[in-house]
file run26.txt (compact mmCIF, C-alpha atoms)
# COMPACT_ATOMS: atom_id res chain seq x y z
CA MET A 193 -63.36 36.74 6.56
CA LEU A 194 -65.81 38.57 8.84
CA ARG A 195 -68.54 37.86 6.29
CA VAL A 196 -67.47 34.21 6.19
CA LYS A 197 -67.77 34.14 9.99
CA GLN A 198 -71.34 35.33 9.58
CA GLY A 199 -71.99 32.44 7.19
CA ASP A 200 -71.85 34.32 3.86
CA PRO A 201 -71.19 31.65 1.17
CA ALA A 202 -70.36 34.23 -1.52
CA ALA A 203 -67.62 35.70 0.66
CA PHE A 204 -66.23 32.23 1.25
CA ALA A 205 -66.25 31.48 -2.49
CA ALA A 206 -64.36 34.73 -3.08
CA LEU A 207 -61.76 33.73 -0.49
CA VAL A 208 -61.32 30.32 -2.09
CA ASP A 209 -60.93 31.91 -5.52
CA LYS A 210 -58.33 34.32 -4.25
CA TYR A 211 -56.20 31.83 -2.33
CA LYS A 212 -56.66 28.53 -4.17
CA GLN A 213 -53.55 29.02 -6.33
CA PRO A 214 -51.05 29.90 -3.57
CA VAL A 215 -52.45 27.13 -1.36
CA MET A 216 -52.23 24.62 -4.20
CA ASN A 217 -48.66 25.71 -4.96
CA LEU A 218 -47.61 25.14 -1.37
CA VAL A 219 -49.47 21.85 -0.97
CA TYR A 220 -48.40 20.48 -4.34
CA ARG A 221 -44.73 21.25 -3.81
CA THR A 222 -44.89 19.72 -0.33
CA LEU A 223 -46.74 16.51 -1.22
CA ARG A 224 -45.47 16.21 -4.81
CA ASP A 225 -48.65 14.52 -5.95
CA ALA A 226 -51.19 16.53 -7.94
CA THR A 227 -54.23 14.43 -6.98
CA GLU A 228 -53.39 14.36 -3.28
CA ALA A 229 -52.56 18.06 -3.40
CA GLU A 230 -55.97 18.82 -4.90
CA ASP A 231 -57.74 16.81 -2.21
CA LEU A 232 -55.70 18.32 0.58
CA ALA A 233 -56.15 21.89 -0.69
CA GLN A 234 -59.88 21.21 -0.64
CA VAL A 235 -59.62 20.00 2.95
CA VAL A 236 -57.68 23.18 3.82
CA PHE A 237 -60.57 25.37 2.69
CA VAL A 238 -63.19 23.17 4.35
CA GLN A 239 -61.16 23.46 7.55
CA VAL A 240 -61.05 27.25 7.12
CA TYR A 241 -64.84 27.30 6.82
CA LYS A 242 -65.33 25.08 9.84
CA SER A 243 -62.86 27.07 11.94
CA ALA A 244 -64.17 30.47 10.83
CA PRO A 245 -66.07 31.06 14.12
CA ARG A 246 -62.77 30.66 15.99
CA TYR A 247 -60.87 33.03 13.67
CA LYS A 248 -59.47 36.04 15.54
CA ILE A 249 -59.47 39.32 13.68
CA SER A 250 -56.06 40.10 15.17
CA ALA A 251 -54.54 37.33 13.03
CA LYS A 252 -53.88 38.02 9.37
CA PHE A 253 -56.03 35.74 7.25
CA SER A 254 -53.25 34.56 4.91
CA THR A 255 -51.01 33.67 7.89
CA TRP A 256 -53.85 31.67 9.41
CA LEU A 257 -54.64 30.00 6.09
CA PHE A 258 -51.05 28.97 5.36
CA THR A 259 -50.65 27.70 8.91
CA ILE A 260 -53.66 25.43 8.41
CA ALA A 261 -52.31 24.34 5.01
CA ARG A 262 -48.87 23.58 6.40
CA ASN A 263 -50.22 21.66 9.41
CA LEU A 264 -52.42 19.51 7.17
CA CYS A 265 -49.43 18.86 4.88
CA LEU A 266 -47.31 17.82 7.86
CA ASN A 267 -50.11 15.49 9.04
CA GLU A 268 -50.20 13.95 5.58
CA ILE A 269 -46.40 13.51 5.54
CA ARG A 270 -46.60 11.84 8.97
CA ARG A 271 -49.41 9.61 7.78
CA ARG A 272 -47.35 8.61 4.75
CA SER A 273 -44.34 7.81 6.90
CA ARG A 274 -46.54 5.53 9.05
CA HIS A 275 -47.98 3.85 5.94
CA PRO A 276 -45.15 4.00 3.41
CA ALA A 277 -46.77 1.39 1.14
CA GLU A 278 -49.53 3.86 0.31
CA SER A 279 -47.11 6.39 -1.11
CA ILE A 280 -47.00 5.06 -4.66
CA ASP A 281 -45.42 8.24 -5.97
CA ALA A 282 -42.40 8.13 -3.71
CA PRO A 283 -39.18 8.39 -5.71
CA ARG A 284 -37.47 5.10 -6.49
CA PRO A 285 -33.66 4.96 -6.46
CA GLU A 286 -33.42 4.24 -10.19
CA GLN A 287 -35.63 7.22 -10.93
CA GLU A 288 -34.04 9.77 -8.67
CA ASP A 289 -33.16 12.05 -11.54
CA GLN A 290 -36.72 12.01 -12.83
CA PRO A 291 -39.35 14.49 -11.71
CA LEU A 292 -42.13 12.94 -9.68
CA ARG A 293 -44.94 14.13 -11.89
CA GLN A 294 -45.18 16.21 -15.01
CA PHE A 295 -47.64 19.10 -15.07
CA GLU A 296 -47.89 18.73 -18.83
CA ASP A 297 -49.85 15.50 -18.41
CA LYS A 298 -52.71 17.30 -16.69
CA GLY A 299 -55.56 18.46 -18.85
CA THR A 300 -56.23 21.33 -16.47
CA PHE A 301 -52.75 22.76 -16.82
CA SER A 302 -52.34 25.68 -19.14
CA PRO A 303 -48.75 26.68 -19.67
CA PRO A 304 -48.79 30.32 -20.75
CA GLU A 305 -47.32 31.50 -17.45
CA SER A 306 -44.81 28.71 -17.53
CA LEU A 307 -41.74 30.34 -18.95
CA LEU A 308 -39.28 27.71 -17.80
CA HIS A 309 -39.25 24.52 -19.80
CA GLY A 310 -37.34 21.30 -20.10
CA GLU A 311 -34.33 20.34 -18.15
CA LEU A 312 -33.93 23.48 -16.06
CA GLU A 313 -37.51 23.35 -14.80
CA LYS A 314 -37.16 19.68 -13.90
CA LYS A 315 -33.95 20.39 -12.01
CA ILE A 316 -35.54 23.21 -10.04
CA GLN A 317 -38.56 21.10 -9.14
CA GLN A 318 -36.28 18.30 -8.05
CA ALA A 319 -33.95 20.56 -6.06
CA LEU A 320 -36.93 22.12 -4.29
CA ALA A 321 -38.41 18.70 -3.57
CA GLU A 322 -35.16 17.58 -1.97
CA LEU A 323 -35.01 20.47 0.49
CA PRO A 324 -36.08 19.86 4.10
CA GLU A 325 -39.76 20.69 4.54
CA ASN A 326 -39.24 23.82 6.65
CA GLN A 327 -36.68 25.30 4.24
CA ARG A 328 -38.89 24.56 1.23
CA THR A 329 -41.99 26.00 2.92
CA ALA A 330 -40.08 29.13 3.94
CA ILE A 331 -38.84 29.67 0.38
CA LEU A 332 -42.26 29.03 -1.14
CA LEU A 333 -44.00 31.37 1.30
CA CYS A 334 -41.35 33.95 0.48
CA ARG A 335 -42.77 33.98 -3.04
CA GLN A 336 -46.08 35.15 -1.60
CA GLU A 337 -45.35 38.85 -1.58
CA GLU A 338 -48.33 39.30 0.71
CA LEU A 339 -46.47 37.64 3.57
CA SER A 340 -43.83 39.47 5.53
CA TYR A 341 -40.92 37.64 7.14
CA GLU A 342 -42.67 37.98 10.51
CA GLU A 343 -45.76 36.30 9.09
CA ILE A 344 -43.72 33.52 7.49
CA ALA A 345 -42.13 33.02 10.91
CA ASP A 346 -45.62 32.75 12.42
CA VAL A 347 -46.62 30.09 9.90
CA LEU A 348 -43.44 28.12 10.54
CA GLY A 349 -43.69 28.60 14.29
CA CYS A 350 -40.16 29.89 14.68
CA SER A 351 -38.36 33.17 15.26
CA LEU A 352 -37.70 35.80 12.62
CA SER A 353 -33.96 35.15 12.59
CA ALA A 354 -34.52 31.37 12.38
CA THR A 355 -36.87 31.93 9.43
CA LYS A 356 -34.33 34.03 7.57
CA SER A 357 -31.71 31.44 8.34
CA LEU A 358 -33.96 28.70 6.90
CA ILE A 359 -34.47 30.69 3.71
CA HIS A 360 -30.76 31.45 3.44
CA ARG A 361 -29.75 27.82 3.90
CA GLY A 362 -32.39 26.60 1.48
CA ARG A 363 -31.32 29.10 -1.15
CA GLU A 364 -27.67 28.20 -0.68
CA THR A 365 -28.53 24.55 -1.31
CA LEU A 366 -30.56 25.47 -4.39
CA LYS A 367 -27.74 27.67 -5.72
CA GLU A 368 -25.29 24.84 -5.21
CA LYS A 369 -27.50 22.33 -7.03
CA LEU A 370 -28.37 24.71 -9.83
CA LYS A 371 -24.91 26.21 -10.12
CA PRO A 372 -24.28 25.02 -13.70
CA TYR A 373 -27.54 26.59 -14.87
CA LEU A 374 -27.08 29.81 -12.95
CA ARG A 375 -23.52 30.16 -14.30
CA SER A 376 -24.47 29.38 -17.87
CA GLY A 377 -27.30 31.90 -17.77
CA ALA A 378 -29.79 29.26 -18.96
CA TRP A 379 -32.49 30.95 -16.89
CA ARG A 380 -32.02 34.14 -18.93
CA GLU A 381 -32.44 32.23 -22.20
CA SER A 382 -35.70 30.71 -21.03
CA LYS A 383 -37.30 34.12 -20.45
CA MET B 149 -23.80 37.81 5.22
CA LYS B 150 -21.21 40.47 4.50
CA ASP B 151 -22.72 43.87 5.05
CA PRO B 152 -25.99 45.13 6.55
CA VAL B 153 -26.85 47.05 3.38
CA TYR B 154 -26.15 44.04 1.17
CA ASN B 155 -28.02 41.74 3.54
CA GLN B 156 -31.07 43.98 3.61
CA LEU B 157 -31.16 44.28 -0.18
CA ARG B 158 -30.67 40.56 -0.56
CA GLU B 159 -33.51 39.76 1.88
CA GLN B 160 -35.81 42.16 0.05
CA SER B 161 -34.92 40.49 -3.26
CA TRP B 162 -35.92 37.09 -1.83
CA ARG B 163 -39.49 38.36 -1.39
CA ARG B 164 -40.03 40.80 -4.25
CA LYS B 165 -38.45 42.75 -7.07
CA LEU B 166 -36.28 45.59 -5.83
CA THR B 167 -37.60 49.10 -6.30
CA ASP B 168 -35.72 51.54 -8.54
CA ALA B 169 -34.22 53.23 -5.50
CA GLU B 170 -33.07 49.89 -4.10
CA GLU B 171 -31.65 48.90 -7.50
CA ALA B 172 -29.65 52.12 -7.58
CA GLU B 173 -28.41 51.53 -4.06
CA LEU B 174 -27.41 48.00 -5.02
CA ARG B 175 -25.55 49.12 -8.12
CA ALA B 176 -23.59 51.65 -6.06
CA TRP B 177 -22.85 49.05 -3.43
CA LEU B 178 -21.66 46.47 -5.98
CA ALA B 179 -19.47 49.09 -7.64
CA ALA B 180 -17.71 49.48 -4.32
CA HIS B 181 -17.62 45.69 -3.70
CA PRO B 182 -17.03 44.04 -7.07
CA GLU B 183 -15.99 40.77 -5.37
CA LEU B 184 -19.65 40.18 -4.48
CA ARG B 185 -21.02 40.70 -7.97
CA ALA B 186 -20.93 36.97 -8.78
CA ASP B 187 -22.72 36.17 -5.52
CA TRP B 188 -25.39 38.72 -6.31
CA GLU B 189 -25.77 37.35 -9.86
CA ALA B 190 -26.44 33.89 -8.44
CA GLU B 191 -28.97 35.31 -5.93
CA ALA B 192 -30.76 37.27 -8.62
CA GLY B 193 -30.75 34.28 -10.97
CA LEU B 194 -32.26 32.01 -8.34
CA SER B 195 -34.94 34.56 -7.44
CA GLU B 196 -35.78 34.90 -11.12
CA ILE B 197 -36.03 31.13 -11.59
CA LEU B 198 -38.17 30.65 -8.47
CA GLY B 199 -40.39 33.53 -9.53
CA ARG B 200 -41.03 31.89 -12.87
CA LEU B 201 -41.81 28.42 -11.56
CA PRO B 202 -45.10 27.30 -13.08
CA ASP B 203 -48.09 27.31 -10.79
CA ALA B 204 -49.48 24.00 -9.63
CA PRO B 205 -52.50 22.86 -11.63
CA VAL B 206 -55.82 23.92 -10.12
CA PRO B 207 -59.00 22.41 -11.60
CA THR B 208 -61.40 25.00 -12.97
CA ASN B 209 -64.19 23.66 -10.75
CA PHE B 210 -62.06 23.75 -7.59
CA THR B 211 -64.10 26.47 -5.86
CA ALA B 212 -67.38 24.71 -6.72
CA ARG B 213 -66.01 21.47 -5.29
CA VAL B 214 -64.94 23.19 -2.09
CA LEU B 215 -68.39 24.74 -1.70
CA GLN B 216 -70.00 21.34 -2.27
CA ALA B 217 -67.73 19.79 0.34
CA VAL B 218 -68.64 22.53 2.80
CA GLU B 219 -72.35 21.97 2.14
CA ARG B 220 -71.91 18.22 2.67
CA GLU B 221 -70.08 18.87 5.94
CA SER B 222 -72.79 21.26 7.13
CA ALA B 223 -75.56 18.85 6.14
CA ALA B 224 -73.82 15.99 7.91
CA ALA B 225 -73.16 18.08 11.01
CA SER B 226 -76.71 19.49 11.40
CA PRO B 227 -78.70 16.21 11.68
CA ALA B 228 -76.03 14.85 13.95
CA ARG B 229 -76.47 17.87 16.21
CA VAL B 230 -80.27 17.51 16.12
CA ARG B 231 -79.99 13.77 16.73
CA SER B 232 -77.69 14.33 19.62
CA TRP B 233 -80.07 16.94 21.14
CA LYS B 234 -83.06 14.63 20.63
CA SER B 235 -81.32 11.72 22.25
CA TRP B 236 -80.42 13.97 25.18
CA ARG B 237 -84.05 15.01 25.52
CA LEU B 238 -85.09 11.34 25.61
CA LEU B 239 -82.42 10.45 28.08
CA LEU B 240 -83.10 13.36 30.40
CA PRO B 241 -86.11 11.84 32.34
CA LYS B 242 -84.25 8.55 32.72
CA ALA B 243 -81.19 10.38 33.97
CA ALA B 244 -83.36 12.34 36.44
CA MET B 245 -84.96 9.11 37.74
CA ALA B 246 -81.55 7.51 38.13
CA ALA B 247 -80.26 10.58 39.98
CA MET B 248 -83.30 10.51 42.31
CA ALA B 249 -82.86 6.78 43.02
CA ILE B 250 -79.19 7.33 43.80
CA GLY B 251 -80.14 10.27 46.04
CA PHE B 252 -82.70 8.23 47.98
CA GLY B 253 -80.25 5.37 48.32
CA LEU B 254 -77.63 7.72 49.75
CA LEU B 255 -80.13 9.25 52.18
CA ALA B 256 -81.25 5.78 53.36
CA TYR B 257 -77.67 4.67 53.83
CA GLN B 258 -76.85 7.85 55.74
CA HIS B 259 -79.92 7.33 57.97
CA TYR B 260 -78.92 3.73 58.66
CA GLN B 261 -75.39 4.83 59.56
CA THR B 262 -76.74 7.51 61.92
CA GLU B 263 -79.08 5.03 63.62
CA LYS B 264 -76.22 2.58 64.06
CA ARG B 265 -74.05 5.24 65.62
CA VAL B 266 -76.84 6.35 68.00
CA GLU B 267 -77.41 2.76 69.15
CA LEU B 268 -73.72 2.22 69.71
CA ALA B 269 -73.51 5.44 71.71
CA ARG B 270 -76.53 4.33 73.81
CA ASN B 271 -74.85 0.97 74.59
CA VAL B 272 -71.60 2.61 75.53
CA ALA B 273 -73.48 5.01 77.81
CA ALA B 274 -75.27 2.10 79.55
CA VAL B 275 -72.04 0.22 80.15
CA SER B 276 -70.32 3.30 81.43
CA ASP B 277 -73.26 3.88 83.87
CA ILE B 278 -72.81 0.38 85.33
CA VAL B 279 -69.09 0.83 85.64
CA ALA B 280 -69.57 4.20 87.30
CA ALA B 281 -72.15 2.80 89.79
CA SER B 282 -70.09 -0.23 90.90
CA ASN B 283 -68.17 0.00 94.22
CA PRO B 284 -64.83 -1.81 94.50
CA ASP B 285 -65.98 -3.24 97.90
CA VAL B 286 -68.66 -5.20 96.12
CA VAL B 287 -66.11 -7.32 94.35
CA ARG B 288 -63.71 -7.60 97.29
CA ASP B 289 -64.99 -11.13 98.43
CA PHE B 290 -65.73 -12.17 94.87
CA ASP B 291 -63.28 -15.12 94.81
CA PRO B 292 -64.38 -16.79 98.14
CA ILE B 293 -68.00 -16.41 97.11
CA ARG B 294 -67.29 -17.92 93.73
CA ARG B 295 -65.51 -20.88 95.40
CA LEU B 296 -68.60 -21.53 97.60
CA GLY B 297 -70.38 -22.76 94.55
CA GLN B 298 -67.67 -25.38 93.99
CA THR B 299 -68.09 -27.18 97.42
CA PRO B 300 -69.55 -30.76 97.33
CA THR B 301 -73.32 -31.13 97.68
CA PRO B 302 -74.51 -32.12 101.24
CA ASP B 303 -75.39 -35.78 101.97
CA GLU B 304 -79.17 -35.58 102.30
CA GLU B 305 -79.49 -39.02 104.01
CA LEU B 306 -77.03 -38.10 106.74
CA LEU B 307 -78.85 -34.86 107.26
CA ALA B 308 -82.14 -36.72 107.66
CA TRP B 309 -80.67 -39.09 110.28
CA SER B 310 -79.22 -36.22 112.26
CA TRP B 311 -82.56 -34.53 112.17
CA LEU B 312 -84.40 -37.68 113.45
CA LYS B 313 -82.03 -37.99 116.34
call {"tool": "encode", "arguments": {"input": "run26.txt", "output": "structure tokens"}}
result
Amino acid sequence: MLRVKQGDPAAFAALVDKYKQPVMNLVYRTLRDATEAEDLAQVVFVQVYKSAPRYKISAKFSTWLFTIARNLCLNEIRRRSRHPAESIDAPRPEQEDQPLRQFEDKGTFSPPESLLHGELEKKIQQALAELPENQRTAILLCRQEELSYEEIADVLGCSLSATKSLIHRGRETLKEKLKPYLRSGAWRESK
Amino acid sequence: MKDPVYNQLREQSWRRKLTDAEEAELRAWLAAHPELRADWEAEAGLSEILGRLPDAPVPTNFTARVLQAVERESAAASPARVRSWKSWRLLLPKAAMAAMAIGFGLLAYQHYQTEKRVELARNVAAVSDIVAASNPDVVRDFDPIRRLGQTPTPDEELLAWSWLK
């Protein structure tokens, strides 16, 4: 990041390469639209570049990056709520049990790392999508092993105990919704 | 939840796979608390499922697109900065002239105000001199003297006759 501050484009490209996947995961699961997620993830990195001179070395880069990503996602959610007609991918009542978008339709998606298929995967995506934003973000950031609970709390702008509470409540909701699959051991079969 | 040891292990399992030592500690703990085995199974199952969620699709040219966007932003920002500096340089003499005109105007107004005050002070001083010089005795017979002016004019013909006699 220090090299990026000095205007080194190669260092910036390396940063983008390293963090594009976790940022896309967070943005995609927040916005639930692959095209918008792509655009917004791009904006996240442009914002990082533009704000690089203001970056303080005391702050961990990933915490700073995910804070920018989350803030931009929240802005987009607010914008959508002000202009609901523009959100063509919003779930319709008759399609509530359908996933919002299938990864399989994307030419860029390669599924080797995708070990969960079919119904279970759809249910997980849907259950995650239905969580409140802060619970979902906390759970998704938890998957980034690089981030400690303190850093997740920094991104969410709340205390450590509140962060753990958000994760706990989110996971309880997920367990409740996925109970039949967790009981049946379907997740083991899909390994 | 139930126990600090269980809670700590559970929180660690939310973020990452437990180490061998932690696994051993967990097994020992669950052996002593079999009623929580089902709860742990559900936790572990959920962590496993979340860990295997497919990544969101990222286009292969994503980094290149970001770099292009950054270049576009920089290119757009630089001429704007130059333009803004140039326009400032052009505006600077005009702004200086305007500031000078305003300055002169203020000085002239201040001078006018000072002159007005000096004149007023001079007038007040003159009036106060007159008031100070006047004796109350001077105005003592003011009313009879004023009434003298109101008496009828003398009959000039009668005066002439009296003079001829």
call {"tool": "residues_around", "arguments": {"input": "run26.txt", "residues": "A:Leu257", "least_positions_apart": "4", "cutoff": "9 Å", "atoms": "only C-alpha atoms", "output": "PyMOL selection string"}}
result
chain A and resi 211+215+236-237+240+252-253+261-262+347
call {"tool": "closest_atom_pairs", "arguments": {"input": "run26.txt", "of": "chain B", "to": "chain A", "cutoff": "6 Å", "atoms": "all atoms listed in the file", "output": "Markdown table"}}
result
| residue | atom | partner | partner_atom | distance |
| --- | --- | --- | --- | --- |
| B:Arg163 | CA | A:Cys334 | CA | 5.1 |
| B:Pro202 | CA | A:Ser306 | CA | 4.7 |
| B:Ala204 | CA | A:Asn217 | CA | 5.0 |
| B:Pro205 | CA | A:Phe301 | CA | 5.2 |
| B:Pro207 | CA | A:Thr300 | CA | 5.7 |
| B:Val214 | CA | A:Gln234 | CA | 5.6 |
| B:Val218 | CA | A:Val238 | CA | 5.7 |
call {"tool": "atom_distance", "arguments": {"input": "run26.txt", "atom1": "atom CA of A:Lys315", "atom2": "atom CA of B:Gly193"}}
result
14.3 Å
call {"tool": "atom_distance", "arguments": {"input": "run26.txt", "atom1": "atom CA of B:Pro182", "atom2": "atom CA of B:Arg158"}}
result
15.5 Å
call {"tool": "atom_distance", "arguments": {"input": "run26.txt", "atom1": "atom CA of B:Phe252", "atom2": "atom CA of B:Glu267"}}
result
22.5 Å
